[in-house]
file target_36.csv (CSV, C-alpha atoms)
chain,number,residue,atom,x,y,z
A,1,MET,CA,2.7,-80.7,-66.0
A,2,LYS,CA,3.8,-77.7,-67.9
A,3,THR,CA,0.4,-76.0,-67.4
A,4,VAL,CA,0.6,-76.7,-63.6
A,5,LYS,CA,4.1,-75.2,-63.4
A,6,THR,CA,2.9,-72.2,-65.3
A,7,LEU,CA,-0.1,-71.6,-63.0
A,8,SER,CA,2.1,-72.1,-59.9
A,9,LEU,CA,4.5,-69.5,-61.2
A,10,VAL,CA,1.6,-67.0,-61.9
A,11,LEU,CA,0.2,-67.6,-58.4
A,12,ALA,CA,3.6,-67.1,-56.8
A,13,LEU,CA,4.1,-63.9,-58.7
A,14,ALA,CA,0.6,-62.6,-57.7
A,15,ILE,CA,1.1,-63.4,-54.1
A,16,GLY,CA,4.5,-61.8,-54.1
A,17,SER,CA,3.1,-58.7,-55.7
A,18,ALA,CA,0.3,-58.5,-53.1
A,19,VAL,CA,2.8,-58.8,-50.2
A,20,THR,CA,5.1,-56.2,-51.8
A,21,GLY,CA,2.2,-53.9,-52.3
A,22,CYS,CA,1.1,-54.2,-48.7
A,23,ALA,CA,4.6,-53.6,-47.6
A,24,ALA,CA,4.8,-50.6,-49.8
A,25,ASP,CA,1.4,-49.3,-48.7
A,26,SER,CA,2.2,-49.6,-44.9
A,27,PRO,CA,4.8,-46.8,-44.6
A,28,ASP,CA,2.5,-44.5,-46.6
A,29,ASP,CA,-0.4,-45.1,-44.2
A,30,MET,CA,1.9,-44.7,-41.2
A,31,GLY,CA,3.4,-41.7,-42.7
A,32,ASP,CA,-0.1,-40.1,-43.2
A,33,ASN,CA,-1.0,-40.8,-39.6
A,34,GLY,CA,2.3,-39.8,-38.1
A,35,GLY,CA,2.5,-36.8,-40.3
A,36,GLY,CA,-0.8,-35.5,-38.9
A,37,GLY,CA,0.2,-36.0,-35.3
A,38,GLY,CA,3.7,-34.9,-35.9
A,39,GLY,CA,2.5,-31.7,-37.5
A,40,GLY,CA,0.4,-30.9,-34.5
A,41,SER,CA,3.2,-31.9,-32.1
A,42,GLY,CA,5.7,-30.0,-34.1
A,43,GLY,CA,3.6,-26.9,-33.8
A,44,ASP,CA,3.3,-27.2,-30.0
A,45,ASP,CA,7.0,-27.8,-29.7
A,46,VAL,CA,7.8,-24.4,-31.3
A,47,PRO,CA,8.6,-22.0,-28.4
A,48,ARG,CA,6.3,-19.0,-28.2
A,49,ALA,CA,5.6,-16.5,-25.5
A,50,LEU,CA,2.5,-16.5,-23.4
A,51,ASP,CA,-0.4,-14.2,-24.4
A,52,ALA,CA,-0.2,-11.3,-22.0
A,53,THR,CA,-3.4,-9.4,-23.1
A,54,GLY,CA,-6.1,-8.8,-20.5
A,55,LYS,CA,-6.8,-7.1,-17.2
A,56,TYR,CA,-4.9,-8.0,-14.0
A,57,GLN,CA,-5.6,-7.1,-10.4
A,58,MET,CA,-2.2,-6.1,-8.9
A,59,ARG,CA,-1.0,-5.5,-5.3
A,60,SER,CA,2.3,-3.6,-4.7
A,61,THR,CA,4.0,-3.3,-1.4
A,62,PHE,CA,6.5,-0.5,-0.6
A,63,ASP,CA,8.8,0.5,2.3
A,64,VAL,CA,8.1,4.2,2.0
A,65,ALA,CA,9.5,5.1,5.4
A,66,THR,CA,13.2,4.1,4.7
A,67,ASN,CA,13.9,6.6,2.0
A,68,MET,CA,10.9,8.9,2.1
A,69,PRO,CA,12.0,12.4,1.0
A,70,GLY,CA,10.2,15.5,2.3
A,71,LYS,CA,7.8,16.1,5.2
A,72,VAL,CA,6.4,12.8,6.3
A,73,GLY,CA,8.9,12.7,9.2
A,74,GLU,CA,7.5,16.0,10.5
A,75,VAL,CA,4.1,14.3,11.1
A,76,SER,CA,5.7,11.5,13.1
A,77,ASN,CA,7.7,14.1,15.1
A,78,ALA,CA,4.5,16.0,15.9
A,79,ILE,CA,2.9,12.8,17.3
A,80,ILE,CA,6.0,11.9,19.3
A,81,ALA,CA,6.2,15.5,20.7
A,82,ALA,CA,3.1,14.7,22.8
A,83,THR,CA,5.0,12.1,24.9
A,84,ASP,CA,8.8,12.7,24.6
A,85,GLY,CA,9.3,15.4,27.3
A,86,PRO,CA,9.9,14.8,31.0
A,87,ALA,CA,6.7,16.7,31.9
A,88,ASP,CA,4.6,15.2,29.1
A,89,PRO,CA,1.8,14.7,28.4
A,90,THR,CA,0.6,17.5,30.6
A,91,GLU,CA,3.1,20.0,29.3
A,92,TRP,CA,2.0,19.2,25.7
A,93,ILE,CA,-1.6,19.6,26.7
A,94,LEU,CA,-0.8,23.0,28.3
A,95,ASP,CA,1.1,24.0,25.1
A,96,GLN,CA,-2.0,23.3,23.0
A,97,MET,CA,-4.2,25.2,25.4
A,98,ILE,CA,-1.9,28.3,25.4
A,99,ALA,CA,-1.5,28.2,21.6
A,100,GLN,CA,-5.2,28.6,21.0
A,101,MET,CA,-6.0,31.1,23.8
A,102,SER,CA,-6.5,34.8,23.0
A,103,SER,CA,-4.1,37.2,24.5
A,104,GLY,CA,-5.0,38.3,28.0
A,105,THR,CA,-4.4,38.0,31.7
A,106,LEU,CA,-5.2,34.3,32.0
A,107,LYS,CA,-3.1,33.3,29.1
A,108,ASN,CA,-0.2,35.3,30.6
A,109,ILE,CA,-0.7,33.7,34.0
A,110,LEU,CA,-0.8,30.1,32.5
A,111,THR,CA,2.2,30.8,30.3
A,112,SER,CA,4.4,32.0,33.2
A,113,ALA,CA,3.2,29.3,35.5
A,114,LYS,CA,3.4,26.5,33.0
A,115,PRO,CA,6.2,24.5,34.6
A,116,PHE,CA,4.5,24.6,38.0
A,117,VAL,CA,1.1,23.7,36.6
A,118,ALA,CA,2.5,20.9,34.5
A,119,GLY,CA,4.1,19.3,37.6
A,120,TYR,CA,0.8,19.8,39.5
A,121,LEU,CA,-1.1,18.1,36.7
A,122,ASN,CA,1.4,15.2,36.4
A,123,ASP,CA,0.9,14.5,40.1
A,124,ARG,CA,-2.7,13.9,39.2
A,125,LEU,CA,-2.1,12.1,35.9
A,126,LEU,CA,-4.0,9.0,36.8
A,127,SER,CA,-7.2,11.0,37.1
A,128,ILE,CA,-6.4,13.3,34.2
A,129,ALA,CA,-5.0,11.2,31.4
A,130,PRO,CA,-4.1,7.7,32.6
A,131,ASP,CA,-3.7,6.1,29.1
A,132,PHE,CA,-2.4,9.1,27.2
A,133,VAL,CA,1.3,8.3,27.0
A,134,THR,CA,0.9,4.6,26.1
A,135,THR,CA,-1.8,5.3,23.5
A,136,MET,CA,0.1,8.2,21.8
A,137,VAL,CA,3.3,6.1,21.8
A,138,GLN,CA,1.3,3.4,20.0
A,139,VAL,CA,-0.1,5.9,17.5
A,140,GLY,CA,3.4,6.9,16.7
A,141,HIS,CA,4.6,3.3,16.4
A,142,ASP,CA,1.7,2.4,14.1
A,143,PHE,CA,2.2,5.5,12.0
A,144,GLY,CA,5.7,4.3,11.3
A,145,LEU,CA,4.5,0.8,10.4
A,146,MET,CA,1.9,2.2,8.0
A,147,SER,CA,4.7,3.8,5.9
A,148,LYS,CA,6.9,0.7,6.3
A,149,ASN,CA,4.3,-1.7,4.9
A,150,PHE,CA,2.5,0.6,2.5
A,151,GLY,CA,0.5,-1.1,-0.2
A,152,LEU,CA,-1.1,0.1,-3.5
A,153,ASN,CA,-4.1,-1.8,-5.0
A,154,GLU,CA,-3.8,-1.5,-8.8
A,155,GLN,CA,-5.1,-2.7,-12.1
A,156,ILE,CA,-3.0,-3.2,-15.2
A,157,GLU,CA,-4.7,-3.6,-18.5
A,158,VAL,CA,-2.5,-5.0,-21.3
A,159,SER,CA,-3.1,-4.9,-25.0
A,160,GLY,CA,-1.1,-5.8,-28.1
A,161,THR,CA,0.3,-9.0,-29.7
A,162,GLY,CA,3.5,-11.0,-29.9
A,163,THR,CA,6.1,-10.2,-27.2
A,164,THR,CA,5.6,-6.4,-27.0
A,165,TYR,CA,2.6,-4.8,-25.5
A,166,THR,CA,1.3,-1.6,-24.1
A,167,SER,CA,-0.7,-1.1,-20.9
A,168,THR,CA,-2.5,1.3,-18.6
A,169,VAL,CA,-1.7,1.1,-14.9
A,170,THR,CA,-4.3,2.5,-12.5
A,171,ALA,CA,-3.8,2.8,-8.7
A,172,LEU,CA,-7.3,2.3,-7.3
A,173,GLY,CA,-6.7,2.3,-3.6
A,174,VAL,CA,-4.4,1.5,-0.7
A,175,HIS,CA,-3.6,-1.6,1.5
A,176,PHE,CA,-2.7,-0.9,5.1
A,177,LYS,CA,-0.8,-3.4,7.2
A,178,ILE,CA,-0.2,-2.6,10.8
A,179,ASP,CA,1.0,-5.5,12.8
A,180,THR,CA,-1.7,-8.1,12.4
A,181,THR,CA,-4.3,-5.6,11.2
A,182,GLU,CA,-4.8,-5.3,7.4
A,183,MET,CA,-7.4,-3.2,5.5
A,184,ASP,CA,-8.1,-2.2,1.9
A,185,MET,CA,-9.6,1.1,1.0
A,186,ASN,CA,-10.6,2.4,-2.4
A,187,PHE,CA,-9.7,6.0,-3.3
A,188,ALA,CA,-13.1,6.6,-4.8
A,189,ASP,CA,-14.8,5.8,-1.5
A,190,HIS,CA,-12.9,8.6,0.2
A,191,SER,CA,-13.0,11.4,-2.4
A,192,ILE,CA,-9.4,10.7,-3.6
A,193,ALA,CA,-8.9,10.5,-7.4
A,194,ASN,CA,-7.5,7.3,-8.9
A,195,VAL,CA,-4.0,7.6,-10.3
A,196,GLN,CA,-3.2,6.4,-13.8
A,197,ALA,CA,-0.2,5.9,-16.0
A,198,GLN,CA,-1.0,5.3,-19.7
A,199,ASN,CA,1.0,3.8,-22.6
A,200,VAL,CA,3.2,1.8,-20.2
A,201,GLY,CA,5.3,-0.7,-22.2
A,202,VAL,CA,5.0,-4.4,-21.3
A,203,GLY,CA,7.2,-7.2,-22.6
A,204,ILE,CA,7.3,-11.0,-22.1
A,205,ASP,CA,9.9,-13.4,-23.4
A,206,LEU,CA,9.9,-17.1,-24.0
A,207,THR,CA,11.0,-17.9,-20.4
A,208,GLY,CA,8.0,-16.0,-19.0
A,209,LYS,CA,10.0,-13.0,-17.9
A,210,PHE,CA,7.4,-10.2,-17.7
A,211,ASP,CA,8.7,-6.6,-17.8
A,212,ILE,CA,6.8,-3.4,-17.0
A,213,ALA,CA,8.5,-0.3,-18.4
A,214,GLU,CA,9.1,2.8,-16.4
A,215,HIS,CA,6.0,4.7,-15.4
A,216,LYS,CA,5.1,7.3,-12.8
A,217,LEU,CA,2.3,7.3,-10.2
A,218,PRO,CA,2.0,10.7,-8.4
A,219,LEU,CA,0.2,10.2,-5.1
A,220,SER,CA,-1.5,12.6,-2.6
A,221,TYR,CA,0.4,10.9,0.3
A,222,GLY,CA,-0.9,13.3,3.0
A,223,LYS,CA,-4.5,12.3,2.2
A,224,VAL,CA,-3.5,8.6,2.3
A,225,LEU,CA,-1.7,9.0,5.7
A,226,ARG,CA,-4.8,10.7,7.2
A,227,LEU,CA,-7.0,7.9,5.8
A,228,GLY,CA,-4.8,5.4,7.5
A,229,LEU,CA,-4.7,7.3,10.8
A,230,ASP,CA,-8.4,7.9,11.0
A,231,GLN,CA,-9.7,4.7,9.5
A,232,VAL,CA,-7.2,2.1,10.7
A,233,ILE,CA,-4.9,3.2,13.5
A,234,ILE,CA,-7.3,5.2,15.8
A,235,PRO,CA,-10.3,2.8,15.6
A,236,ALA,CA,-8.0,-0.1,16.6
A,237,LEU,CA,-6.9,1.8,19.7
A,238,ASP,CA,-10.3,3.3,20.6
A,239,SER,CA,-13.5,2.0,19.1
A,240,ASN,CA,-15.3,5.2,20.1
A,241,ALA,CA,-12.9,7.5,18.2
A,242,THR,CA,-13.2,8.5,14.6
A,243,ASN,CA,-10.3,10.9,14.3
A,244,LEU,CA,-7.4,12.3,16.3
A,245,GLN,CA,-9.5,15.0,18.1
A,246,THR,CA,-12.0,12.4,19.4
A,247,LEU,CA,-9.2,10.1,20.4
A,248,LEU,CA,-7.6,13.0,22.4
A,249,VAL,CA,-10.9,13.9,24.0
A,250,ASP,CA,-11.3,10.2,25.1
A,251,LEU,CA,-7.7,10.2,26.5
A,252,VAL,CA,-7.8,13.4,28.4
A,253,ASN,CA,-10.4,14.2,31.1
A,254,CYS,CA,-10.7,17.9,30.5
A,255,GLN,CA,-13.1,18.4,33.4
A,256,ALA,CA,-10.3,17.1,35.7
A,257,VAL,CA,-7.7,19.2,33.9
A,258,GLY,CA,-9.9,22.3,34.4
A,259,SER,CA,-10.3,21.7,38.1
A,260,ALA,CA,-6.6,21.0,38.6
A,261,ILE,CA,-5.4,24.0,36.7
A,262,ASN,CA,-7.7,26.3,38.6
A,263,ASP,CA,-6.6,24.7,41.9
A,264,ALA,CA,-2.9,25.1,41.0
A,265,LEU,CA,-3.3,28.8,40.0
A,266,VAL,CA,-5.3,29.6,43.2
A,267,SER,CA,-2.6,28.0,45.3
A,268,GLN,CA,0.1,30.0,43.5
A,269,PHE,CA,-1.6,33.3,42.8
A,270,GLY,CA,-4.8,33.3,44.9
A,271,PHE,CA,-6.9,33.5,41.6
A,272,GLY,CA,-7.5,30.7,39.2
A,273,GLY,CA,-10.0,31.9,36.6
A,274,GLY,CA,-12.5,29.1,37.2
A,275,ALA,CA,-12.5,25.4,36.5
A,276,THR,CA,-15.1,25.7,33.8
A,277,PHE,CA,-13.0,28.2,31.8
A,278,TRP,CA,-10.0,25.9,31.9
A,279,GLN,CA,-12.1,22.9,31.0
A,280,GLY,CA,-13.2,24.7,27.8
A,281,ALA,CA,-9.6,25.8,27.1
A,282,CYS,CA,-8.6,22.1,27.5
A,283,ASN,CA,-11.1,20.9,24.9
A,284,ALA,CA,-10.1,23.7,22.5
A,285,GLY,CA,-6.5,22.9,23.0
A,286,LEU,CA,-7.0,19.2,22.1
A,287,GLN,CA,-8.8,20.3,19.0
A,288,PHE,CA,-5.9,22.7,18.2
A,289,GLY,CA,-3.3,20.0,18.7
A,290,ALA,CA,-5.1,17.5,16.5
A,291,GLN,CA,-5.6,20.1,13.8
A,292,ALA,CA,-1.9,21.0,14.0
A,293,ILE,CA,-1.0,17.3,13.2
A,294,TYR,CA,-3.5,17.2,10.4
A,295,SER,CA,-2.1,20.4,9.0
A,296,LYS,CA,1.3,18.8,8.7
A,297,MET,CA,-0.3,15.9,6.7
A,298,ASP,CA,-2.1,18.4,4.5
A,299,ALA,CA,1.2,20.2,3.9
A,300,ILE,CA,2.7,17.0,2.5
A,301,ASP,CA,0.3,17.3,-0.5
A,302,ALA,CA,1.8,20.6,-1.5
A,303,SER,CA,3.8,18.3,-3.8
A,304,ALA,CA,2.8,14.8,-4.9
A,305,LEU,CA,4.9,11.8,-3.8
A,306,GLU,CA,5.8,10.4,-7.1
A,307,PHE,CA,6.6,6.7,-7.5
A,308,GLY,CA,8.8,6.1,-10.5
A,309,LEU,CA,8.6,2.4,-11.1
A,310,VAL,CA,10.2,-0.3,-13.3
A,311,GLY,CA,9.0,-3.8,-12.8
A,312,THR,CA,10.0,-7.4,-13.5
A,313,ALA,CA,8.0,-10.6,-12.6
A,314,LYS,CA,7.5,-14.2,-13.5
A,315,ALA,CA,4.5,-14.8,-15.8
A,316,VAL,CA,2.6,-18.0,-15.0
A,317,ASP,CA,0.0,-20.0,-17.0
A,318,THR,CA,-2.0,-21.9,-14.4
A,319,ASN,CA,-4.6,-23.5,-16.7
A,320,ALA,CA,-2.6,-24.4,-19.8
A,321,ASP,CA,-4.5,-22.0,-22.1
A,322,HIS,CA,-1.3,-20.3,-23.1
A,323,LYS,CA,-2.3,-17.0,-21.5
A,324,VAL,CA,-0.7,-15.3,-18.5
A,325,ASP,CA,-2.8,-16.0,-15.5
A,326,ALA,CA,-0.6,-14.6,-12.7
A,327,LEU,CA,2.5,-12.6,-12.1
A,328,GLN,CA,4.7,-13.9,-9.3
A,329,THR,CA,7.8,-12.7,-7.5
A,330,GLY,CA,7.4,-9.2,-8.9
A,331,LYS,CA,10.1,-6.6,-8.0
A,332,TRP,CA,9.9,-2.9,-8.4
A,333,THR,CA,13.0,-0.7,-8.8
A,334,GLY,CA,13.1,3.1,-9.3
A,335,THR,CA,12.7,6.2,-7.3
A,336,LEU,CA,10.5,8.1,-4.9
A,337,SER,CA,10.4,11.8,-5.7
A,338,TYR,CA,9.0,14.6,-3.6
A,339,SER,CA,9.1,18.3,-4.5
A,340,GLY,CA,11.7,17.5,-7.2
A,341,THR,CA,13.9,15.6,-4.8
A,342,PRO,CA,14.3,11.9,-5.8
A,343,ALA,CA,15.4,9.1,-3.5
A,344,PRO,CA,16.1,5.5,-4.3
A,345,LEU,CA,13.2,3.2,-3.9
A,346,ALA,CA,13.6,0.8,-1.0
A,347,ALA,CA,12.3,-2.7,-0.9
A,348,ALA,CA,9.2,-3.0,-3.2
A,349,SER,CA,7.4,-6.0,-4.6
A,350,PHE,CA,4.2,-6.9,-6.5
A,351,THR,CA,2.0,-9.8,-7.5
A,352,ALA,CA,-1.0,-9.9,-10.0
A,353,GLN,CA,-3.9,-12.1,-10.9
A,354,ARG,CA,-5.9,-12.1,-14.2
A,355,MET,CA,-9.3,-10.7,-13.6
call {"tool": "encode", "arguments": {"input": "target_36.csv", "output": "structure tokens"}}
result
Amino acid sequence: MKTVKTLSLVLALAIGSAVTGCAADSPDDMGDNGGGGGGGSGGDDVPRALDATGKYQMRSTFDVATNMPGKVGEVSNAIIAATDGPADPTEWILDQMIAQMSSGTLKNILTSAKPFVAGYLNDRLLSIAPDFVTTMVQVGHDFGLMSKNFGLNEQIEVSGTGTTYTSTVTALGVHFKIDTTEMDMNFADHSIANVQAQNVGVGIDLTGKFDIAEHKLPLSYGKVLRLGLDQVIIPALDSNATNLQTLLVDLVNCQAVGSAINDALVSQFGFGGGATFWQGACNAGLQFGAQAIYSKMDAIDASALEFGLVGTAKAVDTNADHKVDALQTGKWTGTLSYSGTPAPLAAASFTAQRM
């Protein structure tokens, strides 16, 4: 019996040890497994900013018209001048004809008889230029919208690490929006140089706030306006016209103008100079008027229109790779400067997508 009791005690102690050992081993095993997962989880839980490096396609939209300094208003006024007088458009047409004529008897006669001739032409407006006023008013309206919704197509290339980066911002072209018509145009396709700002600071914080430091983009705005006028506004109004001169020629029947001027002068002075002469003067006058408006656009580029920009946006990671994929709700602040005269930047926004 003593031997049996001894064996029973040994077995009890052995079983107890085995159970105790399993109980002791279990937390270690769980600790190993939990520790591995926890280590990974703990690493993911540590806040860190998104990686901003890479290239982004960016679209900026500006209201240039509101606070535009300088000469842009003169272009709009030159267009409006063709339609704003009580004797327009015929008086404007006559002004262009007289302006390009060489000094002489016929120029003197037309100059002195201009009020009478303008009235005579206006009485025959339906045969001379039936759509002139409505079309030119629309040109002026669209010209204003072009500056109100002016867009820049840009690329921003970001390099660096951490939360502080540097970038190069390049304006590659323009985006025009006129009512429901929208069009993109690359500078390179129209002999306009890209505009670049280098070493532009970029920062991103843990909340995704994406900051673009102050940089300047000097733009040949006169060339841009002419591009919009010739490539967007005019073709939308007249599919046969490629510039302001061809639009005016389509709007004004110079043959009818020539005959009407000759008839008016004959009735007043007994001598008109001939319908063919005045038809040629009409065509030359329309060319002169178009070139006068273009010259005002060219004069804008005597100085660059400089965009001084500071930007803030929300950086978004759309595919969970911890990289910035898009910039949303971007806002620009800063100035527009022309010929050394700055003006506060009006409403301006931007968005961007990783390329």
call {"tool": "closest_residue", "arguments": {"input": "target_36.csv", "among": "A:Arg59, A:Lys107, A:Lys331, A:Arg48", "to": "A:Thr207", "atoms": "all atoms listed in the file"}}
result
A:Arg48
call {"tool": "closest_residue", "arguments": {"input": "target_36.csv", "among": "A:Leu345, A:Cys254, A:Val249, A:Val133", "to": "A:Asp84", "atoms": "all atoms listed in the file"}}
result
A:Val133
call {"tool": "closest_atom_pairs", "arguments": {"input": "target_36.csv", "of": "stretch 175-240 of chain A", "to": "stretch 308-330 of chain A", "cutoff": "10 Å", "atoms": "all atoms listed in the file", "output": "CSV"}}
result
residue,atom,partner,partner_atom,distance
A:Val202,CA,A:Gly311,CA,9.4
A:Gly203,CA,A:Thr312,CA,9.5
A:Ile204,CA,A:Ala315,CA,7.9
A:Asp205,CA,A:Ala315,CA,9.4
A:Thr207,CA,A:Ala315,CA,8.5
A:Gly208,CA,A:Ala315,CA,4.9
A:Lys209,CA,A:Lys314,CA,5.2
A:Phe210,CA,A:Ala313,CA,5.2
A:Asp211,CA,A:Thr312,CA,4.6
A:Ile212,CA,A:Gly311,CA,4.8
A:Ala213,CA,A:Val310,CA,5.4
A:Glu214,CA,A:Val310,CA,4.5
A:His215,CA,A:Leu309,CA,5.5
A:Lys216,CA,A:Gly308,CA,4.5
A:Leu217,CA,A:Gly308,CA,6.6
A:Pro218,CA,A:Gly308,CA,8.5
call {"tool": "residues_around", "arguments": {"input": "target_36.csv", "residues": "stretch 181-184 of chain A", "least_positions_apart": "5", "cutoff": "10 Å", "atoms": "only C-alpha atoms", "output": "ChimeraX atom specification"}}
result
/A:151-153,173-176,228,231-233,236
call {"tool": "residues_around", "arguments": {"input": "target_36.csv", "residues": "A:Asp63", "least_positions_apart": "2", "cutoff": "7 Å", "atoms": "only C-alpha atoms", "output": "PyMOL selection string"}}
result
chain A and resi 65-66+147-150+346-348
call {"tool": "residues_around", "arguments": {"input": "target_36.csv", "residues": "A:Phe143", "least_positions_apart": "3", "cutoff": "10 Å", "atoms": "all atoms listed in the file", "output": "list in words"}}
result
Ala65, Val75, Ser76, Ile79, Val137, Gln138, Val139, Gly140, Met146, Ser147, Lys148, Ile178, Leu225, Arg226, Gly228, Leu229 and Ile233 of chain A
call {"tool": "closest_residue", "arguments": {"input": "target_36.csv", "among": "A:Leu336, A:Val117, A:Ala304, A:Leu248", "to": "A:Phe288", "atoms": "all atoms listed in the file"}}
result
A:Leu248
call {"tool": "closest_residue", "arguments": {"input": "target_36.csv", "among": "A:Gln96, A:Ser239, A:Thr134, A:Ser337", "to": "A:Leu110", "atoms": "all atoms listed in the file"}}
result
A:Gln96
call {"tool": "residues_around", "arguments": {"input": "target_36.csv", "residues": "A:Ile93", "least_positions_apart": "5", "cutoff": "9 Å", "atoms": "all atoms listed in the file", "output": "ChimeraX atom specification"}}
result
/A:82,88,98,118,252,282,285-286,289
call {"tool": "atom_distance", "arguments": {"input": "target_36.csv", "atom1": "atom CA of A:Ala343", "atom2": "atom CA of A:Ala292"}}
result
27.3 Å
call {"tool": "closest_residue", "arguments": {"input": "target_36.csv", "among": "A:Pro115, A:Gly54, A:Gly85, A:Gly280", "to": "A:Glu157", "atoms": "only C-alpha atoms"}}
result
A:Gly54
call {"tool": "atom_distance", "arguments": {"input": "target_36.csv", "atom1": "atom CA of A:Phe269", "atom2": "atom CA of A:Pro86"}}
result
24.8 Å
call {"tool": "closest_atom_pairs", "arguments": {"input": "target_36.csv", "of": "stretch 217-281 of chain A", "to": "stretch 189-193 of chain A", "cutoff": "9 Å", "atoms": "only C-alpha atoms", "output": "tab-separated table"}}
result
residue	atom	partner	partner_atom	distance
A:Ser220	CA	A:Ile192	CA	8.2
A:Lys223	CA	A:Ile192	CA	7.8
A:Val224	CA	A:Ile192	CA	8.6
A:Leu227	CA	A:His190	CA	8.2
call {"tool": "closest_residue", "arguments": {"input": "target_36.csv", "among": "A:Ser127, A:Pro47, A:Val200, A:Leu145", "to": "A:Thr180", "atoms": "all atoms listed in the file"}}
result
A:Leu145
call {"tool": "residues_around", "arguments": {"input": "target_36.csv", "residues": "A:Asp238", "least_positions_apart": "4", "cutoff": "9 Å", "atoms": "all atoms listed in the file", "output": "VMD selection string"}}
result
chain A and resid 233 to 234 242 247 250
